[in-house]
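Here is the structure we will look at, set down as structure tokens.
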Amino acid sequence: MSLPDATRSDRVYPLLQNLDLENLAFATLQGTGQTLNIEEMNEDELRRLVLVNLARLSVKGEWDGLLSAGGGGGIPILNMATSLNTSQKTHFISAYPPFPKSALTSATQAVSTACIFFPFVLPKDLTLASMSINVGTGTSGDDLNMAIYNADTSTGVPTTKVSGTDVTFATGSTAGIVANFAASVSLTGGTVYWVGMVKAAGSITLNSHTGTDAYPQAPLTSMTVYNRAQIVEDSASASLPTTFDPADYENGYGFVPFVGLVTT
């Protein structure tokens, strides 16, 4: 039975005929509808386009074109100011939702030759110039290596380094210090990334979020072991991996160090 009071389909059904819902790709549906003018004479075809897409989604169980369509760049998951004036360029990513909470109080976290990782999400697309940390106790000539990693869209674990994000901090000084990227780095808002950090030798302490500000970063062994706010390397390699291997890591105890990303 046709849609109520609908005219004969001149576009949607003729172009999609002989296709089944299981194999109908969103790109095909998108191409069918993109050239339709939004006007009263096309109302029936627009209704058919929506009907076919909803049927496709129901069969395939995926939501391409419904949740990701729009002005580009996906769905904004945060609604916040991203700068107030030209001097305020540091995004306090370790405190951004939805992972850790506020930073009204702080603790310290030792960083040694075993890599640690924690995730973050930016509120919008940003072009970045540098990374910043806050050192509690440091050692002159003893450097801290850090980088940003992409996340696997299926498992959520870190995968490979975001190109150009390797930085080295000279940790002989304390308080806030900055290390510049080799060139500007662009990250996408609403996307999960990971920060990795490790010492080549020795250890330092970084000012960090308290235990009450943490969020478990992987499935727990049991509810008797729950203070796990980092992903921690099993055996200390003293260097950040080019490609993350989940078999070398576990959910570990620790506070999330303060980390900022500075826009250009």
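Just so we're on the same page: first chain in the structure tokens is A, next is B, and so on; residues restart at 1 for each chain, and ligands are numbered from 1 in the order they show up.
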query: Can you list, as a ChimeraX atom specification, every residue of region 45-257 of chain A that DSSP puts in helix (DSSP H, G or I)?
result: /A:45-60,93-95,211-213,246-248
Produce a file of the selected residues containing N, CA, C and O atoms, as a CSV table (one decimal), in the first residue's frame.
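Output saved as result03.csv:
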chain,number,residue,atom,x,y,z
A,45,GLU,N,8.3,12.2,-2.2
A,45,GLU,CA,9.6,11.6,-2.3
A,45,GLU,C,10.5,11.7,-1.1
A,45,GLU,O,11.2,10.8,-0.7
A,46,LEU,N,10.3,12.9,-0.4
A,46,LEU,CA,11.0,13.1,0.9
A,46,LEU,C,10.5,12.1,1.9
A,46,LEU,O,11.3,11.5,2.7
A,47,ARG,N,9.2,11.9,1.9
A,47,ARG,CA,8.6,10.9,2.9
A,47,ARG,C,9.1,9.5,2.6
A,47,ARG,O,9.5,8.7,3.5
A,48,ARG,N,9.2,9.1,1.3
A,48,ARG,CA,9.7,7.8,1.0
A,48,ARG,C,11.2,7.7,1.4
A,48,ARG,O,11.6,6.6,1.8
A,49,LEU,N,12.0,8.7,1.2
A,49,LEU,CA,13.4,8.7,1.6
A,49,LEU,C,13.6,8.4,3.1
A,49,LEU,O,14.4,7.6,3.5
A,50,VAL,N,12.8,9.1,3.9
A,50,VAL,CA,12.8,8.9,5.3
A,50,VAL,C,12.4,7.5,5.7
A,50,VAL,O,13.0,6.8,6.5
A,51,LEU,N,11.3,7.0,5.0
A,51,LEU,CA,10.8,5.6,5.3
A,51,LEU,C,11.8,4.6,5.0
A,51,LEU,O,12.0,3.7,5.8
A,52,VAL,N,12.5,4.7,3.8
A,52,VAL,CA,13.5,3.7,3.4
A,52,VAL,C,14.6,3.7,4.4
A,52,VAL,O,15.2,2.7,4.8
A,53,ASN,N,15.1,4.9,4.8
A,53,ASN,CA,16.2,5.0,5.7
A,53,ASN,C,15.9,4.4,7.1
A,53,ASN,O,16.7,3.6,7.6
A,54,LEU,N,14.7,4.7,7.6
A,54,LEU,CA,14.3,4.1,8.9
A,54,LEU,C,14.2,2.5,8.8
A,54,LEU,O,14.6,1.8,9.7
A,55,ALA,N,13.7,2.0,7.7
A,55,ALA,CA,13.7,0.6,7.5
A,55,ALA,C,15.1,0.0,7.4
A,55,ALA,O,15.4,-1.0,7.9
A,56,ARG,N,16.0,0.7,6.7
A,56,ARG,CA,17.4,0.3,6.6
A,56,ARG,C,18.0,0.2,7.9
A,56,ARG,O,18.7,-0.8,8.3
A,57,LEU,N,17.8,1.3,8.7
A,57,LEU,CA,18.4,1.3,10.1
A,57,LEU,C,17.9,0.2,11.0
A,57,LEU,O,18.6,-0.4,11.7
A,58,SER,N,16.6,-0.1,10.8
A,58,SER,CA,16.0,-1.2,11.7
A,58,SER,C,16.6,-2.5,11.3
A,58,SER,O,16.8,-3.4,12.2
A,59,VAL,N,16.9,-2.7,10.1
A,59,VAL,CA,17.5,-4.0,9.6
A,59,VAL,C,19.0,-4.2,9.9
A,59,VAL,O,19.4,-5.2,10.4
A,60,LYS,N,19.7,-3.1,9.7
A,60,LYS,CA,21.2,-3.1,9.8
A,60,LYS,C,21.7,-2.8,11.2
A,60,LYS,O,22.8,-3.2,11.6
A,93,ILE,N,42.8,19.2,29.3
A,93,ILE,CA,42.1,18.0,28.8
A,93,ILE,C,41.9,16.9,29.8
A,93,ILE,O,41.0,16.1,29.7
A,94,SER,N,42.8,16.8,30.8
A,94,SER,CA,42.6,15.8,31.8
A,94,SER,C,41.5,16.0,32.7
A,94,SER,O,41.0,15.1,33.5
A,95,ALA,N,40.9,17.3,32.7
A,95,ALA,CA,39.7,17.6,33.5
A,95,ALA,C,38.5,17.7,32.7
A,95,ALA,O,37.4,17.9,33.2
A,211,GLY,N,42.0,10.9,43.7
A,211,GLY,CA,41.4,9.7,43.4
A,211,GLY,C,39.9,9.8,43.2
A,211,GLY,O,39.3,9.1,42.4
A,212,THR,N,39.2,10.8,43.8
A,212,THR,CA,37.8,11.0,43.6
A,212,THR,C,37.5,11.6,42.3
A,212,THR,O,36.3,11.7,41.9
A,213,ASP,N,38.5,12.1,41.6
A,213,ASP,CA,38.3,12.6,40.2
A,213,ASP,C,38.5,11.6,39.1
A,213,ASP,O,38.5,12.0,38.0
A,246,PRO,N,47.6,-4.1,23.2
A,246,PRO,CA,46.8,-4.3,24.5
A,246,PRO,C,47.4,-5.4,25.3
A,246,PRO,O,47.2,-5.4,26.6
A,247,ALA,N,48.0,-6.4,24.8
A,247,ALA,CA,48.5,-7.5,25.5
A,247,ALA,C,49.6,-7.1,26.5
A,247,ALA,O,49.9,-7.8,27.5
A,248,ASP,N,50.2,-5.9,26.3
A,248,ASP,CA,51.3,-5.4,27.1
A,248,ASP,C,50.8,-4.5,28.3
A,248,ASP,O,51.7,-4.0,29.0
Skip Pro158 (chain A) itself and residues of its chain fewer than 6 positions away, then list as a short mmCIF file (atom, residue, chain, number, x, y, z; two decimals) with C-alpha atoms, in the first residue's frame all residues within 9 Å of it, counting only C-alpha atoms.
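Here's the written file result.cif:
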data_model
loop_
_atom_site.label_atom_id
_atom_site.label_comp_id
_atom_site.auth_asym_id
_atom_site.auth_seq_id
_atom_site.Cartn_x
_atom_site.Cartn_y
_atom_site.Cartn_z
CA PHE A 117 47.80 6.19 29.32
CA PRO A 119 41.80 9.16 27.51
CA TYR A 149 47.34 8.33 20.47
CA ASN A 150 44.32 7.54 18.36
CA ALA A 151 41.67 5.19 19.77
CA ASP A 152 40.30 2.07 18.15
CA TYR A 193 42.18 10.18 22.08
CA TRP A 194 44.74 8.94 24.60
CA VAL A 195 47.73 10.64 26.21
CA THR A 243 51.76 1.02 17.94
CA PHE A 244 49.92 0.12 21.14
CA ASP A 245 49.65 -3.61 21.94
CA PRO A 246 46.83 -4.27 24.46
#
- prompt: So what do you get for CA of Thr155 (chain A) versus CA of Pro123 (chain A), distance-wise?
  reply: 21.7 Å
- prompt: Could you name the residues that touch Glu250 (chain A) at 7 Å or less, counting only C-alpha atoms, but leaving out those on the same chain fewer than 6 positions away, as a ChimeraX atom specification?
  reply: /A:231-234
Any chance you could export the current selection's all heavy atoms as a compact mmCIF listing (two decimals), in the first residue's frame?
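Heads up, here's the output in part.txt:
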# COMPACT_ATOMS: atom_id res chain seq x y z
N ILE A 231 45.66 3.17 32.23
CA ILE A 231 46.16 1.96 31.60
C ILE A 231 47.66 1.97 31.79
O ILE A 231 48.33 2.95 31.45
CB ILE A 231 45.77 1.89 30.11
CG1 ILE A 231 44.27 1.57 29.98
CG2 ILE A 231 46.59 0.86 29.38
CD1 ILE A 231 43.80 1.47 28.56
N VAL A 232 48.21 0.90 32.34
CA VAL A 232 49.61 0.87 32.75
C VAL A 232 50.33 -0.29 32.07
O VAL A 232 49.78 -1.39 31.93
CB VAL A 232 49.72 0.70 34.29
CG1 VAL A 232 51.18 0.76 34.73
CG2 VAL A 232 48.92 1.78 35.00
N GLU A 233 51.57 -0.04 31.66
CA GLU A 233 52.38 -1.07 31.02
C GLU A 233 52.76 -2.16 32.03
O GLU A 233 53.16 -1.87 33.16
CB GLU A 233 53.63 -0.42 30.44
CG GLU A 233 54.44 -1.31 29.53
CD GLU A 233 55.61 -0.58 28.92
OE1 GLU A 233 56.05 0.46 29.49
OE2 GLU A 233 56.10 -1.03 27.88
N ASP A 234 52.68 -3.43 31.60
CA ASP A 234 53.03 -4.55 32.48
C ASP A 234 54.51 -4.55 32.84
O ASP A 234 54.89 -4.72 33.99
CB ASP A 234 52.66 -5.88 31.82
CG ASP A 234 51.16 -6.08 31.71
OD1 ASP A 234 50.43 -5.60 32.59
OD2 ASP A 234 50.72 -6.70 30.73
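The shortest atom-to-atom distance to Gly196 (chain A), with only C-alpha atoms taken into account, belongs to A:Phe120 out of A:Phe92, A:Tyr215, A:Phe120, A:Tyr226.
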In region 48-263 of chain A, what's strand (DSSP E) per DSSP? Answer as an mmCIF file with N, CA and C atoms, in the first residue's frame?
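Saved to result_25.cif:
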data_model
loop_
_atom_site.group_PDB
_atom_site.id
_atom_site.type_symbol
_atom_site.label_atom_id
_atom_site.label_comp_id
_atom_site.auth_asym_id
_atom_site.auth_seq_id
_atom_site.Cartn_x
_atom_site.Cartn_y
_atom_site.Cartn_z
ATOM 1 N N THR A 90 45.030 27.299 26.798
ATOM 2 C CA THR A 90 45.321 25.955 27.284
ATOM 3 C C THR A 90 44.031 25.212 27.607
ATOM 4 N N HIS A 91 43.834 24.110 26.942
ATOM 5 C CA HIS A 91 42.676 23.242 27.204
ATOM 6 C C HIS A 91 43.096 22.181 28.211
ATOM 7 N N SER A 106 44.312 18.615 44.365
ATOM 8 C CA SER A 106 45.252 17.851 43.557
ATOM 9 C C SER A 106 46.006 16.841 44.401
ATOM 10 N N ALA A 107 46.605 15.879 43.719
ATOM 11 C CA ALA A 107 47.474 14.892 44.319
ATOM 12 C C ALA A 107 48.744 14.865 43.474
ATOM 13 N N THR A 108 49.618 13.917 43.722
ATOM 14 C CA THR A 108 50.786 13.738 42.864
ATOM 15 C C THR A 108 50.838 12.294 42.392
ATOM 16 N N GLN A 109 51.349 12.110 41.180
ATOM 17 C CA GLN A 109 51.460 10.784 40.582
ATOM 18 C C GLN A 109 52.875 10.605 40.060
ATOM 19 N N ALA A 110 53.523 9.517 40.457
ATOM 20 C CA ALA A 110 54.855 9.221 39.951
ATOM 21 C C ALA A 110 54.757 8.681 38.528
ATOM 22 N N VAL A 111 55.629 9.162 37.658
ATOM 23 C CA VAL A 111 55.753 8.636 36.306
ATOM 24 C C VAL A 111 57.159 8.079 36.173
ATOM 25 N N ILE A 116 52.167 4.974 30.973
ATOM 26 C CA ILE A 116 50.785 5.091 31.427
ATOM 27 C C ILE A 116 49.987 5.864 30.390
ATOM 28 N N PHE A 117 48.694 5.574 30.305
ATOM 29 C CA PHE A 117 47.805 6.188 29.321
ATOM 30 C C PHE A 117 46.503 6.593 29.998
ATOM 31 N N PHE A 118 45.934 7.706 29.539
ATOM 32 C CA PHE A 118 44.575 8.057 29.930
ATOM 33 C C PHE A 118 43.879 8.734 28.755
ATOM 34 N N PRO A 119 42.536 8.634 28.664
ATOM 35 C CA PRO A 119 41.805 9.163 27.513
ATOM 36 C C PRO A 119 41.309 10.584 27.731
ATOM 37 N N PHE A 120 40.964 11.243 26.633
ATOM 38 C CA PHE A 120 40.332 12.559 26.706
ATOM 39 C C PHE A 120 39.505 12.782 25.447
ATOM 40 N N VAL A 121 38.582 13.736 25.528
ATOM 41 C CA VAL A 121 37.743 14.143 24.403
ATOM 42 C C VAL A 121 37.732 15.661 24.353
ATOM 43 N N LEU A 126 40.179 21.362 17.148
ATOM 44 C CA LEU A 126 41.176 22.338 17.582
ATOM 45 C C LEU A 126 42.489 22.111 16.859
ATOM 46 N N THR A 127 43.190 23.212 16.583
ATOM 47 C CA THR A 127 44.543 23.165 16.053
ATOM 48 C C THR A 127 45.491 23.546 17.179
ATOM 49 N N LEU A 128 46.442 22.658 17.478
ATOM 50 C CA LEU A 128 47.235 22.753 18.697
ATOM 51 C C LEU A 128 48.704 23.005 18.396
ATOM 52 N N ALA A 129 49.335 23.745 19.293
ATOM 53 C CA ALA A 129 50.744 24.085 19.128
ATOM 54 C C ALA A 129 51.646 23.344 20.093
ATOM 55 N N SER A 130 51.132 22.991 21.281
ATOM 56 C CA SER A 130 52.006 22.417 22.298
ATOM 57 C C SER A 130 51.194 21.681 23.352
ATOM 58 N N MET A 131 51.925 21.010 24.237
ATOM 59 C CA MET A 131 51.341 20.285 25.355
ATOM 60 C C MET A 131 51.951 20.826 26.637
ATOM 61 N N SER A 132 51.182 20.803 27.735
ATOM 62 C CA SER A 132 51.702 21.322 28.993
ATOM 63 C C SER A 132 51.374 20.368 30.136
ATOM 64 N N ILE A 133 52.272 20.350 31.141
ATOM 65 C CA ILE A 133 52.088 19.520 32.337
ATOM 66 C C ILE A 133 52.433 20.366 33.554
ATOM 67 N N ASN A 134 52.189 19.808 34.737
ATOM 68 C CA ASN A 134 52.534 20.508 35.974
ATOM 69 C C ASN A 134 53.372 19.559 36.832
ATOM 70 N N VAL A 135 54.656 19.890 36.970
ATOM 71 C CA VAL A 135 55.614 19.017 37.638
ATOM 72 C C VAL A 135 55.626 19.296 39.133
ATOM 73 N N GLY A 136 55.488 18.222 39.929
ATOM 74 C CA GLY A 136 55.590 18.350 41.374
ATOM 75 C C GLY A 136 57.037 18.320 41.827
ATOM 76 N N THR A 137 57.722 17.218 41.519
ATOM 77 C CA THR A 137 59.162 17.113 41.791
ATOM 78 C C THR A 137 59.826 16.571 40.539
ATOM 79 N N ASP A 143 64.354 13.529 31.387
ATOM 80 C CA ASP A 143 63.237 13.994 30.567
ATOM 81 C C ASP A 143 62.018 13.077 30.656
ATOM 82 N N LEU A 144 60.854 13.668 30.357
ATOM 83 C CA LEU A 144 59.583 12.957 30.287
ATOM 84 C C LEU A 144 59.108 12.972 28.837
ATOM 85 N N ASN A 145 58.779 11.809 28.293
ATOM 86 C CA ASN A 145 58.300 11.711 26.914
ATOM 87 C C ASN A 145 56.788 11.504 26.906
ATOM 88 N N MET A 146 56.113 12.239 26.024
ATOM 89 C CA MET A 146 54.669 12.138 25.924
ATOM 90 C C MET A 146 54.238 12.169 24.462
ATOM 91 N N ALA A 147 53.051 11.637 24.186
ATOM 92 C CA ALA A 147 52.485 11.666 22.840
ATOM 93 C C ALA A 147 50.985 11.447 22.946
ATOM 94 N N ILE A 148 50.271 11.800 21.880
ATOM 95 C CA ILE A 148 48.831 11.577 21.783
ATOM 96 C C ILE A 148 48.596 10.388 20.855
ATOM 97 N N TYR A 149 47.652 9.533 21.242
ATOM 98 C CA TYR A 149 47.342 8.335 20.467
ATOM 99 C C TYR A 149 45.893 8.356 20.002
ATOM 100 N N ASN A 150 45.680 7.788 18.829
ATOM 101 C CA ASN A 150 44.321 7.542 18.358
ATOM 102 C C ASN A 150 43.704 6.399 19.164
ATOM 103 N N ALA A 151 42.374 6.278 19.091
ATOM 104 C CA ALA A 151 41.669 5.190 19.766
ATOM 105 C C ALA A 151 40.989 4.301 18.740
ATOM 106 N N PRO A 158 44.001 2.530 22.936
ATOM 107 C CA PRO A 158 44.912 3.298 22.071
ATOM 108 C C PRO A 158 45.383 2.438 20.904
ATOM 109 N N THR A 159 45.750 3.098 19.821
ATOM 110 C CA THR A 159 46.252 2.358 18.652
ATOM 111 C C THR A 159 47.625 2.900 18.248
ATOM 112 N N THR A 160 47.638 3.953 17.444
ATOM 113 C CA THR A 160 48.896 4.516 16.946
ATOM 114 C C THR A 160 49.005 5.987 17.356
ATOM 115 N N LYS A 161 50.232 6.486 17.349
ATOM 116 C CA LYS A 161 50.454 7.885 17.689
ATOM 117 C C LYS A 161 49.819 8.805 16.657
ATOM 118 N N VAL A 167 56.449 14.698 22.187
ATOM 119 C CA VAL A 167 57.110 15.837 22.831
ATOM 120 C C VAL A 167 57.988 15.327 23.967
ATOM 121 N N THR A 168 59.007 16.122 24.303
ATOM 122 C CA THR A 168 59.899 15.799 25.415
ATOM 123 C C THR A 168 59.921 16.979 26.372
ATOM 124 N N PHE A 169 59.652 16.707 27.646
ATOM 125 C CA PHE A 169 59.667 17.729 28.678
ATOM 126 C C PHE A 169 60.958 17.615 29.483
ATOM 127 N N ALA A 170 61.678 18.718 29.604
ATOM 128 C CA ALA A 170 62.819 18.783 30.514
ATOM 129 C C ALA A 170 62.272 19.059 31.906
ATOM 130 N N ALA A 175 56.338 23.109 38.591
ATOM 131 C CA ALA A 175 55.138 23.875 38.204
ATOM 132 C C ALA A 175 54.863 23.662 36.725
ATOM 133 N N GLY A 176 54.184 24.617 36.069
ATOM 134 C CA GLY A 176 53.737 24.415 34.696
ATOM 135 C C GLY A 176 54.856 24.575 33.689
ATOM 136 N N ILE A 177 55.055 23.557 32.853
ATOM 137 C CA ILE A 177 56.039 23.643 31.774
ATOM 138 C C ILE A 177 55.383 23.210 30.472
ATOM 139 N N VAL A 178 55.950 23.668 29.364
ATOM 140 C CA VAL A 178 55.353 23.473 28.041
ATOM 141 C C VAL A 178 56.382 22.858 27.106
ATOM 142 N N ALA A 179 55.929 21.944 26.235
ATOM 143 C CA ALA A 179 56.755 21.388 25.167
ATOM 144 C C ALA A 179 56.010 21.554 23.851
ATOM 145 N N ASN A 180 56.676 22.096 22.847
ATOM 146 C CA ASN A 180 56.037 22.391 21.567
ATOM 147 C C ASN A 180 56.017 21.168 20.655
ATOM 148 N N PHE A 181 54.919 21.031 19.904
ATOM 149 C CA PHE A 181 54.877 20.037 18.838
ATOM 150 C C PHE A 181 55.804 20.488 17.712
ATOM 151 N N ALA A 182 56.248 19.546 16.898
ATOM 152 C CA ALA A 182 57.130 19.886 15.783
ATOM 153 C C ALA A 182 56.428 20.797 14.788
ATOM 154 N N ALA A 183 55.123 20.643 14.656
ATOM 155 C CA ALA A 183 54.291 21.491 13.788
ATOM 156 C C ALA A 183 52.884 21.472 14.375
ATOM 157 N N SER A 184 52.015 22.306 13.840
ATOM 158 C CA SER A 184 50.639 22.357 14.337
ATOM 159 C C SER A 184 49.970 20.997 14.183
ATOM 160 N N VAL A 185 49.179 20.619 15.176
ATOM 161 C CA VAL A 185 48.468 19.342 15.184
ATOM 162 C C VAL A 185 46.968 19.618 15.248
ATOM 163 N N SER A 186 46.200 18.981 14.386
ATOM 164 C CA SER A 186 44.743 19.160 14.379
ATOM 165 C C SER A 186 44.072 17.914 14.946
ATOM 166 N N LEU A 187 43.227 18.117 15.961
ATOM 167 C CA LEU A 187 42.456 17.027 16.547
ATOM 168 C C LEU A 187 40.969 17.303 16.364
ATOM 169 N N VAL A 192 37.544 10.263 20.847
ATOM 170 C CA VAL A 192 38.393 9.816 21.954
ATOM 171 C C VAL A 192 39.845 9.712 21.494
ATOM 172 N N TYR A 193 40.735 10.327 22.255
ATOM 173 C CA TYR A 193 42.176 10.179 22.081
ATOM 174 C C TYR A 193 42.768 9.746 23.422
ATOM 175 N N TRP A 194 44.029 9.327 23.384
ATOM 176 C CA TRP A 194 44.742 8.935 24.602
ATOM 177 C C TRP A 194 46.039 9.726 24.712
ATOM 178 N N VAL A 195 46.411 10.085 25.921
ATOM 179 C CA VAL A 195 47.726 10.641 26.207
ATOM 180 C C VAL A 195 48.575 9.525 26.794
ATOM 181 N N GLY A 196 49.777 9.340 26.226
ATOM 182 C CA GLY A 196 50.730 8.389 26.769
ATOM 183 C C GLY A 196 51.932 9.131 27.322
ATOM 184 N N MET A 197 52.493 8.626 28.419
ATOM 185 C CA MET A 197 53.676 9.269 29.005
ATOM 186 C C MET A 197 54.580 8.216 29.629
ATOM 187 N N VAL A 198 55.895 8.510 29.612
ATOM 188 C CA VAL A 198 56.871 7.580 30.171
ATOM 189 C C VAL A 198 58.180 8.322 30.421
ATOM 190 N N LYS A 199 58.964 7.825 31.382
ATOM 191 C CA LYS A 199 60.312 8.341 31.621
ATOM 192 C C LYS A 199 61.319 7.400 30.979
ATOM 193 N N ILE A 204 59.653 10.916 38.104
ATOM 194 C CA ILE A 204 59.299 12.234 38.621
ATOM 195 C C ILE A 204 57.876 12.143 39.154
ATOM 196 N N THR A 205 57.409 13.201 39.792
ATOM 197 C CA THR A 205 55.999 13.263 40.164
ATOM 198 C C THR A 205 55.341 14.423 39.432
ATOM 199 N N LEU A 206 54.131 14.182 38.965
ATOM 200 C CA LEU A 206 53.330 15.210 38.314
ATOM 201 C C LEU A 206 52.141 15.531 39.194
ATOM 202 N N ASN A 207 51.774 16.806 39.272
ATOM 203 C CA ASN A 207 50.542 17.172 39.960
ATOM 204 C C ASN A 207 49.377 16.576 39.180
ATOM 205 N N SER A 208 48.412 16.020 39.909
ATOM 206 C CA SER A 208 47.411 15.153 39.300
ATOM 207 C C SER A 208 46.040 15.356 39.930
ATOM 208 N N HIS A 209 45.046 14.778 39.287
ATOM 209 C CA HIS A 209 43.700 14.755 39.843
ATOM 210 C C HIS A 209 43.663 13.785 41.020
ATOM 211 N N GLN A 230 44.064 4.424 35.237
ATOM 212 C CA GLN A 230 45.022 4.487 34.142
ATOM 213 C C GLN A 230 45.102 3.140 33.430
ATOM 214 N N ILE A 231 45.662 3.167 32.232
ATOM 215 C CA ILE A 231 46.156 1.959 31.598
ATOM 216 C C ILE A 231 47.665 1.975 31.788
ATOM 217 N N VAL A 232 48.209 0.903 32.337
ATOM 218 C CA VAL A 232 49.613 0.865 32.750
ATOM 219 C C VAL A 232 50.327 -0.293 32.067
ATOM 220 N N GLU A 233 51.569 -0.039 31.661
ATOM 221 C CA GLU A 233 52.382 -1.071 31.023
ATOM 222 C C GLU A 233 52.758 -2.158 32.032
ATOM 223 N N TYR A 249 49.517 -4.327 28.400
ATOM 224 C CA TYR A 249 48.995 -3.336 29.343
ATOM 225 C C TYR A 249 47.867 -3.926 30.178
ATOM 226 N N GLU A 250 47.584 -3.251 31.280
ATOM 227 C CA GLU A 250 46.462 -3.624 32.131
ATOM 228 C C GLU A 250 45.886 -2.362 32.774
ATOM 229 N N ASN A 251 44.688 -2.502 33.310
ATOM 230 C CA ASN A 251 44.064 -1.414 34.046
ATOM 231 C C ASN A 251 44.797 -1.279 35.381
ATOM 232 N N GLY A 252 45.342 -0.089 35.679
ATOM 233 C CA GLY A 252 46.204 0.028 36.846
ATOM 234 C C GLY A 252 45.844 1.160 37.777
ATOM 235 N N VAL A 259 47.175 17.514 32.439
ATOM 236 C CA VAL A 259 47.738 17.694 31.097
ATOM 237 C C VAL A 259 46.907 18.735 30.368
ATOM 238 N N GLY A 260 47.575 19.663 29.708
ATOM 239 C CA GLY A 260 46.906 20.677 28.915
ATOM 240 C C GLY A 260 47.383 20.625 27.470
ATOM 241 N N LEU A 261 46.503 21.004 26.555
ATOM 242 C CA LEU A 261 46.869 21.199 25.167
ATOM 243 C C LEU A 261 46.661 22.654 24.815
ATOM 244 N N VAL A 262 47.662 23.261 24.181
ATOM 245 C CA VAL A 262 47.664 24.698 23.927
ATOM 246 C C VAL A 262 47.379 24.944 22.448
ATOM 247 N N THR A 263 46.363 25.755 22.172
ATOM 248 C CA THR A 263 45.998 26.044 20.788
ATOM 249 C C THR A 263 46.969 27.042 20.175
#
task: Measuring atom to atom with only C-alpha atoms, identify which of A:Pro4, A:Tyr253, A:Leu15, A:Ser102 is nearest to Leu220 (chain A).
output: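 Looking only at the distances to Leu220 (chain A), the closest residue turns out to be A:Tyr253.
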